[in-house]
file input_24.cif (mmCIF, C-alpha atoms and all ligand atoms; chains and numbers go by the auth columns)
data_final
loop_
_atom_site.group_PDB
_atom_site.id
_atom_site.type_symbol
_atom_site.label_atom_id
_atom_site.label_comp_id
_atom_site.label_asym_id
_atom_site.label_seq_id
_atom_site.Cartn_x
_atom_site.Cartn_y
_atom_site.Cartn_z
_atom_site.B_iso_or_equiv
_atom_site.auth_seq_id
_atom_site.auth_asym_id
ATOM 1 C CA MET A 1 106.516 94.680 76.946 0.00 1 O
ATOM 2 C CA ILE A 2 108.247 97.585 78.615 0.00 2 O
ATOM 3 C CA HIS A 3 109.557 98.120 82.131 0.00 3 O
ATOM 4 C CA ILE A 4 109.617 101.374 84.048 0.00 4 O
ATOM 5 C CA THR A 5 110.959 102.162 87.502 0.00 5 O
ATOM 6 C CA ARG A 6 110.006 104.703 90.114 0.00 6 O
ATOM 7 C CA ARG A 7 112.332 105.501 93.008 0.00 7 O
ATOM 8 C CA GLU A 8 111.089 106.635 96.404 0.00 8 O
ATOM 9 C CA ARG A 9 113.014 107.048 99.628 0.00 9 O
ATOM 10 C CA PHE A 10 112.301 106.560 103.311 0.00 10 O
ATOM 11 C CA ASN A 11 114.154 106.596 106.596 0.00 11 O
ATOM 12 C CA ALA A 12 113.315 103.957 109.143 0.00 12 O
ATOM 13 C CA ALA A 13 114.629 102.218 112.238 0.00 13 O
ATOM 14 C CA HIS A 14 114.877 98.521 112.912 0.00 14 O
ATOM 15 C CA ARG A 15 116.638 95.838 114.865 0.00 15 O
ATOM 16 C CA LEU A 16 117.546 92.373 113.663 0.00 16 O
ATOM 17 C CA PHE A 17 117.488 89.972 116.573 0.00 17 O
ATOM 18 C CA SER A 18 116.155 86.742 117.941 0.00 18 O
ATOM 19 C CA ASP A 19 114.512 86.555 121.375 0.00 19 O
ATOM 20 C CA GLU A 20 116.166 83.217 121.834 0.00 20 O
ATOM 21 C CA LEU A 21 119.684 84.614 121.602 0.00 21 O
ATOM 22 C CA THR A 22 121.632 86.779 124.041 0.00 22 O
ATOM 23 C CA ASP A 23 122.645 90.286 122.983 0.00 23 O
ATOM 24 C CA GLU A 24 126.143 88.949 122.353 0.00 24 O
ATOM 25 C CA GLN A 25 124.910 86.070 120.218 0.00 25 O
ATOM 26 C CA ASN A 26 122.639 88.438 118.315 0.00 26 O
ATOM 27 C CA MET A 27 125.628 90.677 117.648 0.00 27 O
ATOM 28 C CA GLU A 28 127.515 87.677 116.293 0.00 28 O
ATOM 29 C CA VAL A 29 124.712 86.676 113.932 0.00 29 O
ATOM 30 C CA PHE A 30 123.312 90.055 112.904 0.00 30 O
ATOM 31 C CA GLY A 31 126.197 92.445 113.502 0.00 31 O
ATOM 32 C CA LYS A 32 125.498 96.138 114.013 0.00 32 O
ATOM 33 C CA CYS A 33 121.879 95.659 112.900 0.00 33 O
ATOM 34 C CA SER A 34 121.220 93.903 116.218 0.00 34 O
ATOM 35 C CA ASN A 35 121.973 96.985 118.346 0.00 35 O
ATOM 36 C CA PRO A 36 119.473 96.695 121.263 0.00 36 O
ATOM 37 C CA ASN A 37 118.790 100.450 121.103 0.00 37 O
ATOM 38 C CA TRP A 38 117.754 100.373 117.442 0.00 38 O
ATOM 39 C CA HIS A 39 119.385 102.150 114.512 0.00 39 O
ATOM 40 C CA GLY A 40 118.232 103.663 111.250 0.00 40 O
ATOM 41 C CA HIS A 41 118.812 103.331 107.544 0.00 41 O
ATOM 42 C CA ASN A 42 118.214 105.720 104.675 0.00 42 O
ATOM 43 C CA TYR A 43 116.403 103.274 102.441 0.00 43 O
ATOM 44 C CA GLU A 44 115.841 103.634 98.730 0.00 44 O
ATOM 45 C CA LEU A 45 112.943 101.814 97.130 0.00 45 O
ATOM 46 C CA PHE A 46 112.869 101.070 93.391 0.00 46 O
ATOM 47 C CA VAL A 47 109.544 99.798 92.094 0.00 47 O
ATOM 48 C CA THR A 48 109.627 98.399 88.547 0.00 48 O
ATOM 49 C CA VAL A 49 106.369 97.761 86.711 0.00 49 O
ATOM 50 C CA LYS A 50 105.820 96.206 83.291 0.00 50 O
ATOM 51 C CA GLY A 51 103.205 96.216 80.572 0.00 51 O
ATOM 52 C CA GLU A 52 102.410 97.637 77.174 0.00 52 O
ATOM 53 C CA ILE A 53 102.768 101.260 76.064 0.00 53 O
ATOM 54 C CA ASP A 54 99.446 103.127 75.900 0.00 54 O
ATOM 55 C CA SER A 55 99.210 104.349 72.293 0.00 55 O
ATOM 56 C CA GLU A 56 97.340 107.483 73.343 0.00 56 O
ATOM 57 C CA THR A 57 99.798 108.702 75.980 0.00 57 O
ATOM 58 C CA GLY A 58 103.028 106.984 74.970 0.00 58 O
ATOM 59 C CA PHE A 59 103.319 105.921 78.614 0.00 59 O
ATOM 60 C CA LEU A 60 103.180 102.567 80.304 0.00 60 O
ATOM 61 C CA VAL A 61 101.843 104.259 83.423 0.00 61 O
ATOM 62 C CA ASN A 62 101.926 107.813 84.652 0.00 62 O
ATOM 63 C CA LEU A 63 104.979 107.831 86.942 0.00 63 O
ATOM 64 C CA LYS A 64 103.459 110.466 89.177 0.00 64 O
ATOM 65 C CA THR A 65 100.457 108.203 89.726 0.00 65 O
ATOM 66 C CA LEU A 66 102.767 105.278 90.475 0.00 66 O
ATOM 67 C CA GLY A 67 104.733 107.492 92.869 0.00 67 O
ATOM 68 C CA ASN A 68 101.532 108.463 94.665 0.00 68 O
ATOM 69 C CA ILE A 69 100.544 104.807 95.044 0.00 69 O
ATOM 70 C CA ILE A 70 103.940 103.923 96.491 0.00 70 O
ATOM 71 C CA LYS A 71 103.750 106.880 98.866 0.00 71 O
ATOM 72 C CA SER A 72 100.218 106.166 100.072 0.00 72 O
ATOM 73 C CA LYS A 73 100.594 102.372 100.351 0.00 73 O
ATOM 74 C CA VAL A 74 104.078 102.024 101.799 0.00 74 O
ATOM 75 C CA ILE A 75 106.089 105.209 102.337 0.00 75 O
ATOM 76 C CA VAL A 76 103.631 106.739 104.813 0.00 76 O
ATOM 77 C CA LYS A 77 103.739 103.517 106.797 0.00 77 O
ATOM 78 C CA LEU A 78 107.550 103.287 106.815 0.00 78 O
ATOM 79 C CA ASP A 79 109.025 106.777 106.780 0.00 79 O
ATOM 80 C CA HIS A 80 110.409 107.825 110.186 0.00 80 O
ATOM 81 C CA ARG A 81 108.966 104.646 111.711 0.00 81 O
ATOM 82 C CA ASN A 82 110.298 101.695 113.608 0.00 82 O
ATOM 83 C CA ILE A 83 109.871 98.695 111.284 0.00 83 O
ATOM 84 C CA ASN A 84 109.801 96.221 114.177 0.00 84 O
ATOM 85 C CA LEU A 85 107.111 98.046 116.122 0.00 85 O
ATOM 86 C CA GLU A 86 105.019 100.317 113.928 0.00 86 O
ATOM 87 C CA VAL A 87 104.585 98.914 110.425 0.00 87 O
ATOM 88 C CA ASP A 88 101.407 96.822 110.074 0.00 88 O
ATOM 89 C CA PHE A 89 102.547 94.782 107.087 0.00 89 O
ATOM 90 C CA MET A 90 105.751 93.809 108.921 0.00 90 O
ATOM 91 C CA ASP A 91 103.905 92.728 112.048 0.00 91 O
ATOM 92 C CA GLY A 92 105.352 89.498 113.432 0.00 92 O
ATOM 93 C CA LYS A 93 108.037 89.380 110.755 0.00 93 O
ATOM 94 C CA PHE A 94 111.750 89.625 111.077 0.00 94 O
ATOM 95 C CA ALA A 95 112.699 93.218 110.066 0.00 95 O
ATOM 96 C CA SER A 96 115.155 92.192 107.347 0.00 96 O
ATOM 97 C CA THR A 97 115.465 93.890 103.979 0.00 97 O
ATOM 98 C CA GLU A 98 114.338 90.607 102.389 0.00 98 O
ATOM 99 C CA ASN A 99 111.059 90.561 104.314 0.00 99 O
ATOM 100 C CA LEU A 100 110.629 94.268 103.720 0.00 100 O
ATOM 101 C CA ALA A 101 110.842 93.760 99.943 0.00 101 O
ATOM 102 C CA VAL A 102 108.226 90.972 100.073 0.00 102 O
ATOM 103 C CA GLY A 103 105.975 93.050 102.337 0.00 103 O
ATOM 104 C CA ILE A 104 106.194 96.066 100.028 0.00 104 O
ATOM 105 C CA TRP A 105 105.407 93.854 97.021 0.00 105 O
ATOM 106 C CA ASN A 106 102.250 92.584 98.728 0.00 106 O
ATOM 107 C CA GLU A 107 101.153 96.117 99.593 0.00 107 O
ATOM 108 C CA LEU A 108 101.573 97.351 96.012 0.00 108 O
ATOM 109 C CA GLU A 109 100.578 94.431 93.803 0.00 109 O
ATOM 110 C CA LYS A 110 96.835 95.133 93.543 0.00 110 O
ATOM 111 C CA SER A 111 97.133 98.894 93.060 0.00 111 O
ATOM 112 C CA VAL A 112 99.619 98.470 90.212 0.00 112 O
ATOM 113 C CA ILE A 113 97.150 96.205 88.390 0.00 113 O
ATOM 114 C CA GLU A 114 94.483 98.865 88.874 0.00 114 O
ATOM 115 C CA ILE A 115 96.550 101.373 86.875 0.00 115 O
ATOM 116 C CA GLY A 116 97.002 98.935 84.009 0.00 116 O
ATOM 117 C CA ALA A 117 100.437 97.493 84.705 0.00 117 O
ATOM 118 C CA GLU A 118 101.996 94.583 86.522 0.00 118 O
ATOM 119 C CA LEU A 119 104.562 94.630 89.280 0.00 119 O
ATOM 120 C CA HIS A 120 107.929 93.321 88.055 0.00 120 O
ATOM 121 C CA CYS A 121 110.470 94.048 90.794 0.00 121 O
ATOM 122 C CA VAL A 122 110.679 95.621 94.215 0.00 122 O
ATOM 123 C CA LYS A 123 114.243 96.609 95.019 0.00 123 O
ATOM 124 C CA VAL A 124 115.090 97.845 98.509 0.00 124 O
ATOM 125 C CA VAL A 125 118.487 99.428 99.010 0.00 125 O
ATOM 126 C CA GLU A 126 119.435 99.375 102.670 0.00 126 O
ATOM 127 C CA SER A 127 122.951 100.732 102.422 0.00 127 O
ATOM 128 C CA GLU A 128 125.576 101.634 99.880 0.00 128 O
ATOM 129 C CA ASN A 129 126.662 98.020 99.606 0.00 129 O
ATOM 130 C CA ASN A 130 123.488 96.025 100.262 0.00 130 O
ATOM 131 C CA TYR A 131 120.217 95.703 98.424 0.00 131 O
ATOM 132 C CA VAL A 132 117.483 93.136 97.890 0.00 132 O
ATOM 133 C CA GLU A 133 115.339 92.468 94.817 0.00 133 O
ATOM 134 C CA TYR A 134 112.041 90.590 94.868 0.00 134 O
ATOM 135 C CA TYR A 135 110.273 89.460 91.696 0.00 135 O
ATOM 136 C CA GLY A 136 107.125 88.060 93.285 0.00 136 O
ATOM 137 C CA SER A 137 108.290 84.521 93.867 0.00 137 O
HETATM 138 NI NI NI B . 120.179 97.630 110.014 0.00 201 R
#
call {"tool": "encode", "arguments": {"input": "input_24.cif", "output": "structure tokens"}}
result
Amino acid sequence: MIHITRRERFNAAHRLFSDELTDEQNMEVFGKCSNPNWHGHNYELFVTVKGEIDSETGFLVNLKTLGNIIKSKVIVKLDHRNINLEVDFMDGKFASTENLAVGIWNELEKSVIEIGAELHCVKVVESENNYVEYYGS
């Protein structure tokens, strides 16, 4: 079993807030990420897949193919978008990095199987100091 990781990047806007809280209360709970006028992050996405090495190619998967899957399934939906308003797989969900990692996992899982591997980890880096990892459960 071997693991391989592809990195992709996207820029997106979001706001963390609850309708049931005032702007001040939201600021207390969610900090700067609750700014009513939105804000952006330069996200990094690390997708790790696992499986066996193909004896003919020496690869687990072709990383360019994996990159294209990530781009077509998630990056086009996220890049330069508002996560709260424009991203179908985040519809009705709180726009946290945690939910984003789970949403990205669900978007990618089937396509990774189709190229002969299995999704191992979706890591979403929101800022220099904060990132989330999801392993499918
Ligand atoms: Ni934020």
call {"tool": "closest_residue", "arguments": {"input": "input_24.cif", "among": "O:Asn99, O:Ser127, O:Ser137, O:Thr48", "to": "ligand NI 201 (chain R)", "atoms": "all atoms listed in the file"}}
result
O:Ser127
call {"tool": "residues_around", "arguments": {"input": "input_24.cif", "residues": "Ile75 of chain O", "least_positions_apart": "3", "cutoff": "8 Å", "atoms": "only C-alpha atoms", "output": "count of residues only"}}
result
8
call {"tool": "closest_residue", "arguments": {"input": "input_24.cif", "among": "O:Lys77, O:Lys110, O:His120, O:His14", "to": "ligand NI 201 (chain R)", "atoms": "only C-alpha atoms and all ligand atoms"}}
result
O:His14
call {"tool": "residues_around", "arguments": {"input": "input_24.cif", "residues": "Leu16 of chain O", "least_positions_apart": "4", "cutoff": "8 Å", "atoms": "only C-alpha atoms", "output": "list of chain:residue names"}}
result
O:Asn26, O:Phe30, O:Cys33, O:Ser34, O:Asn35, O:Phe94, O:Ala95, O:Ser96
call {"tool": "write_last_selection", "arguments": {"input": "input_24.cif", "atoms": "C-alpha atoms", "output": "short mmCIF file (atom, residue, chain, number, x, y, z; two decimals), keeping the file's coordinate frame"}}
result
data_model
loop_
_atom_site.label_atom_id
_atom_site.label_comp_id
_atom_site.auth_asym_id
_atom_site.auth_seq_id
_atom_site.Cartn_x
_atom_site.Cartn_y
_atom_site.Cartn_z
CA ASN O 26 122.64 88.44 118.32
CA PHE O 30 123.31 90.06 112.90
CA CYS O 33 121.88 95.66 112.90
CA SER O 34 121.22 93.90 116.22
CA ASN O 35 121.97 96.98 118.35
CA PHE O 94 111.75 89.62 111.08
CA ALA O 95 112.70 93.22 110.07
CA SER O 96 115.16 92.19 107.35
#
call {"tool": "resolve_selection", "arguments": {"input": "input_24.cif", "expression": "the PyMOL selection byres (((chain O and resi 136) around 8) and not hetatm)", "output": "ChimeraX atom specification"}}
result
/O:102,105,120-121,134-135,137
call {"tool": "resolve_selection", "arguments": {"input": "input_24.cif", "expression": "the PyMOL selection byres (((not hetatm)) within 12 of (chain R and resi 201))", "output": "MDAnalysis selection string"}}
result
chainID O and resid 11:17 27 30:43 82:84 94:98 100 125:127 130:131
call {"tool": "decode", "arguments": {"input": "input_24.cif", "residues": "chain O", "atoms": "C-alpha atoms", "output": "PDB file, in the first residue's frame"}}
result
ATOM      1  CA  MET O   1       0.000   0.000   0.000  1.00  0.00           C
ATOM      2  CA  ILE O   2       1.333   3.388  -0.980  1.00  0.00           C
ATOM      3  CA  HIS O   3       0.031   6.910  -0.464  1.00  0.00           C
ATOM      4  CA  ILE O   4       0.434   9.834  -2.820  1.00  0.00           C
ATOM      5  CA  THR O   5      -0.683  13.437  -2.471  1.00  0.00           C
ATOM      6  CA  ARG O   6      -1.665  16.080  -4.968  1.00  0.00           C
ATOM      7  CA  ARG O   7      -1.854  19.740  -3.974  1.00  0.00           C
ATOM      8  CA  GLU O   8      -4.218  22.206  -5.614  1.00  0.00           C
ATOM      9  CA  ARG O   9      -5.042  25.751  -4.597  1.00  0.00           C
ATOM     10  CA  PHE O  10      -8.107  27.966  -4.675  1.00  0.00           C
ATOM     11  CA  ASN O  11      -9.200  31.353  -3.427  1.00  0.00           C
ATOM     12  CA  ALA O  12     -12.666  31.693  -2.004  1.00  0.00           C
ATOM     13  CA  ALA O  13     -14.827  33.886   0.199  1.00  0.00           C
ATOM     14  CA  HIS O  14     -16.979  32.866   3.117  1.00  0.00           C
ATOM     15  CA  ARG O  15     -18.609  33.993   6.309  1.00  0.00           C
ATOM     16  CA  LEU O  16     -19.041  31.980   9.478  1.00  0.00           C
ATOM     17  CA  PHE O  17     -22.186  33.077  11.251  1.00  0.00           C
ATOM     18  CA  SER O  18     -25.451  32.026  12.770  1.00  0.00           C
ATOM     19  CA  ASP O  19     -28.727  33.740  11.844  1.00  0.00           C
ATOM     20  CA  GLU O  20     -29.766  33.396  15.434  1.00  0.00           C
ATOM     21  CA  LEU O  21     -26.928  35.540  16.751  1.00  0.00           C
ATOM     22  CA  THR O  22     -26.348  39.285  16.473  1.00  0.00           C
ATOM     23  CA  ASP O  23     -23.327  40.538  14.538  1.00  0.00           C
ATOM     24  CA  GLU O  24     -21.608  41.155  17.867  1.00  0.00           C
ATOM     25  CA  GLN O  25     -22.341  37.668  19.156  1.00  0.00           C
ATOM     26  CA  ASN O  26     -21.189  36.191  15.858  1.00  0.00           C
ATOM     27  CA  MET O  27     -17.945  38.128  16.191  1.00  0.00           C
ATOM     28  CA  GLU O  28     -17.490  36.680  19.668  1.00  0.00           C
ATOM     29  CA  VAL O  29     -18.022  33.101  18.509  1.00  0.00           C
ATOM     30  CA  PHE O  30     -16.448  33.157  15.053  1.00  0.00           C
ATOM     31  CA  GLY O  31     -14.017  36.064  15.217  1.00  0.00           C
ATOM     32  CA  LYS O  32     -12.899  37.758  12.012  1.00  0.00           C
ATOM     33  CA  CYS O  33     -14.450  34.960   9.932  1.00  0.00           C
ATOM     34  CA  SER O  34     -17.880  36.361  10.829  1.00  0.00           C
ATOM     35  CA  ASN O  35     -17.311  39.702   9.066  1.00  0.00           C
ATOM     36  CA  PRO O  36     -20.782  40.568   7.637  1.00  0.00           C
ATOM     37  CA  ASN O  37     -19.184  41.791   4.390  1.00  0.00           C
ATOM     38  CA  TRP O  38     -17.404  38.495   3.716  1.00  0.00           C
ATOM     39  CA  HIS O  39     -13.670  37.865   3.459  1.00  0.00           C
ATOM     40  CA  GLY O  40     -11.423  35.523   1.530  1.00  0.00           C
ATOM     41  CA  HIS O  41      -8.827  32.860   2.127  1.00  0.00           C
ATOM     42  CA  ASN O  42      -6.086  31.473  -0.077  1.00  0.00           C
ATOM     43  CA  TYR O  43      -6.864  27.825   0.503  1.00  0.00           C
ATOM     44  CA  GLU O  44      -4.564  24.916  -0.179  1.00  0.00           C
ATOM     45  CA  LEU O  45      -6.060  21.500  -0.785  1.00  0.00           C
ATOM     46  CA  PHE O  46      -4.018  18.313  -0.320  1.00  0.00           C
ATOM     47  CA  VAL O  47      -5.679  15.164  -1.617  1.00  0.00           C
ATOM     48  CA  THR O  48      -4.003  11.906  -0.559  1.00  0.00           C
ATOM     49  CA  VAL O  49      -4.955   8.665  -2.286  1.00  0.00           C
ATOM     50  CA  LYS O  50      -3.797   5.129  -1.534  1.00  0.00           C
ATOM     51  CA  GLY O  51      -3.482   1.821  -3.321  1.00  0.00           C
ATOM     52  CA  GLU O  52      -0.988  -0.491  -4.944  1.00  0.00           C
ATOM     53  CA  ILE O  53       1.754   0.459  -7.404  1.00  0.00           C
ATOM     54  CA  ASP O  54       0.921  -0.436 -11.018  1.00  0.00           C
ATOM     55  CA  SER O  55       3.768  -2.724 -12.120  1.00  0.00           C
ATOM     56  CA  GLU O  56       3.591  -1.439 -15.688  1.00  0.00           C
ATOM     57  CA  THR O  57       3.855   2.279 -14.920  1.00  0.00           C
ATOM     58  CA  GLY O  58       5.482   2.310 -11.492  1.00  0.00           C
ATOM     59  CA  PHE O  59       2.722   4.725 -10.470  1.00  0.00           C
ATOM     60  CA  LEU O  60      -0.143   4.437  -8.056  1.00  0.00           C
ATOM     61  CA  VAL O  61      -2.100   6.899 -10.176  1.00  0.00           C
ATOM     62  CA  ASN O  62      -1.083   9.449 -12.746  1.00  0.00           C
ATOM     63  CA  LEU O  63      -0.855  12.657 -10.691  1.00  0.00           C
ATOM     64  CA  LYS O  64      -1.863  14.783 -13.643  1.00  0.00           C
ATOM     65  CA  THR O  65      -5.050  12.740 -13.968  1.00  0.00           C
ATOM     66  CA  LEU O  66      -5.700  13.117 -10.241  1.00  0.00           C
ATOM     67  CA  GLY O  67      -5.055  16.856 -10.543  1.00  0.00           C
ATOM     68  CA  ASN O  68      -7.556  17.099 -13.390  1.00  0.00           C
ATOM     69  CA  ILE O  69     -10.191  15.280 -11.333  1.00  0.00           C
ATOM     70  CA  ILE O  70      -9.667  17.615  -8.388  1.00  0.00           C
ATOM     71  CA  LYS O  71      -9.855  20.632 -10.686  1.00  0.00           C
ATOM     72  CA  SER O  72     -12.997  19.518 -12.510  1.00  0.00           C
ATOM     73  CA  LYS O  73     -14.866  18.219  -9.438  1.00  0.00           C
ATOM     74  CA  VAL O  74     -14.024  20.837  -6.831  1.00  0.00           C
ATOM     75  CA  ILE O  75     -11.650  23.633  -7.843  1.00  0.00           C
ATOM     76  CA  VAL O  76     -13.898  24.996 -10.600  1.00  0.00           C
ATOM     77  CA  LYS O  77     -16.751  25.108  -8.115  1.00  0.00           C
ATOM     78  CA  LEU O  78     -14.727  26.858  -5.392  1.00  0.00           C
ATOM     79  CA  ASP O  79     -12.126  29.098  -6.995  1.00  0.00           C
ATOM     80  CA  HIS O  80     -13.057  32.801  -6.811  1.00  0.00           C
ATOM     81  CA  ARG O  81     -16.463  31.839  -5.402  1.00  0.00           C
ATOM     82  CA  ASN O  82     -18.433  32.596  -2.299  1.00  0.00           C
ATOM     83  CA  ILE O  83     -18.648  29.301  -0.382  1.00  0.00           C
ATOM     84  CA  ASN O  84     -21.825  30.346   1.438  1.00  0.00           C
ATOM     85  CA  LEU O  85     -23.708  31.329  -1.699  1.00  0.00           C
ATOM     86  CA  GLU O  86     -22.312  29.677  -4.810  1.00  0.00           C
ATOM     87  CA  VAL O  87     -20.959  26.201  -4.094  1.00  0.00           C
ATOM     88  CA  ASP O  88     -23.568  23.470  -4.673  1.00  0.00           C
ATOM     89  CA  PHE O  89     -21.984  20.859  -2.426  1.00  0.00           C
ATOM     90  CA  MET O  90     -21.865  23.354   0.462  1.00  0.00           C
ATOM     91  CA  ASP O  91     -25.502  24.339   0.060  1.00  0.00           C
ATOM     92  CA  GLY O  92     -27.210  24.641   3.442  1.00  0.00           C
ATOM     93  CA  LYS O  93     -23.995  23.866   5.300  1.00  0.00           C
ATOM     94  CA  PHE O  94     -21.988  26.009   7.609  1.00  0.00           C
ATOM     95  CA  ALA O  95     -18.992  27.306   5.567  1.00  0.00           C
ATOM     96  CA  SER O  96     -16.333  25.984   7.945  1.00  0.00           C
ATOM     97  CA  THR O  97     -13.097  24.350   6.857  1.00  0.00           C
ATOM     98  CA  GLU O  98     -14.331  21.144   8.524  1.00  0.00           C
ATOM     99  CA  ASN O  99     -17.469  20.994   6.382  1.00  0.00           C
ATOM    100  CA  LEU O 100     -15.468  21.990   3.335  1.00  0.00           C
ATOM    101  CA  ALA O 101     -13.121  19.018   3.816  1.00  0.00           C
ATOM    102  CA  VAL O 102     -16.077  16.612   4.135  1.00  0.00           C
ATOM    103  CA  GLY O 103     -17.796  18.159   1.108  1.00  0.00           C
ATOM    104  CA  ILE O 104     -14.646  17.868  -1.008  1.00  0.00           C
ATOM    105  CA  TRP O 105     -14.223  14.235   0.076  1.00  0.00           C
ATOM    106  CA  ASN O 106     -17.761  13.433  -1.078  1.00  0.00           C
ATOM    107  CA  GLU O 107     -17.181  15.130  -4.427  1.00  0.00           C
ATOM    108  CA  LEU O 108     -13.975  13.182  -5.098  1.00  0.00           C
ATOM    109  CA  GLU O 109     -14.546   9.735  -3.619  1.00  0.00           C
ATOM    110  CA  LYS O 110     -16.137   8.047  -6.650  1.00  0.00           C
ATOM    111  CA  SER O 111     -13.771   9.502  -9.249  1.00  0.00           C
ATOM    112  CA  VAL O 112     -10.709   8.365  -7.298  1.00  0.00           C
ATOM    113  CA  ILE O 113     -12.039   4.791  -7.289  1.00  0.00           C
ATOM    114  CA  GLU O 114     -12.533   5.054 -11.045  1.00  0.00           C
ATOM    115  CA  ILE O 115      -8.798   5.662 -11.543  1.00  0.00           C
ATOM    116  CA  GLY O 116      -7.880   2.632  -9.460  1.00  0.00           C
ATOM    117  CA  ALA O 117      -7.120   4.172  -6.081  1.00  0.00           C
ATOM    118  CA  GLU O 118      -8.889   4.997  -2.858  1.00  0.00           C
ATOM    119  CA  LEU O 119      -9.228   8.336  -1.146  1.00  0.00           C
ATOM    120  CA  HIS O 120      -7.178   8.452   2.069  1.00  0.00           C
ATOM    121  CA  CYS O 121      -7.179  12.069   3.259  1.00  0.00           C
ATOM    122  CA  VAL O 122      -8.521  15.450   2.266  1.00  0.00           C
ATOM    123  CA  LYS O 123      -6.543  18.215   3.929  1.00  0.00           C
ATOM    124  CA  VAL O 124      -7.738  21.807   3.614  1.00  0.00           C
ATOM    125  CA  VAL O 125      -5.358  24.529   4.719  1.00  0.00           C
ATOM    126  CA  GLU O 126      -7.253  27.722   5.431  1.00  0.00           C
ATOM    127  CA  SER O 127      -4.427  29.836   6.776  1.00  0.00           C
ATOM    128  CA  GLU O 128      -0.825  29.588   7.839  1.00  0.00           C
ATOM    129  CA  ASN O 129      -1.840  28.294  11.246  1.00  0.00           C
ATOM    130  CA  ASN O 130      -5.060  26.369  10.609  1.00  0.00           C
ATOM    131  CA  TYR O 131      -5.860  23.262   8.638  1.00  0.00           C
ATOM    132  CA  VAL O 132      -8.336  20.396   8.707  1.00  0.00           C
ATOM    133  CA  GLU O 133      -7.862  16.746   7.735  1.00  0.00           C
ATOM    134  CA  TYR O 134     -10.697  14.357   6.921  1.00  0.00           C
ATOM    135  CA  TYR O 135     -10.177  10.609   6.544  1.00  0.00           C
ATOM    136  CA  GLY O 136     -13.698   9.664   5.490  1.00  0.00           C
ATOM    137  CA  SER O 137     -15.193   9.088   8.904  1.00  0.00           C
TER     138      SER O 137
END
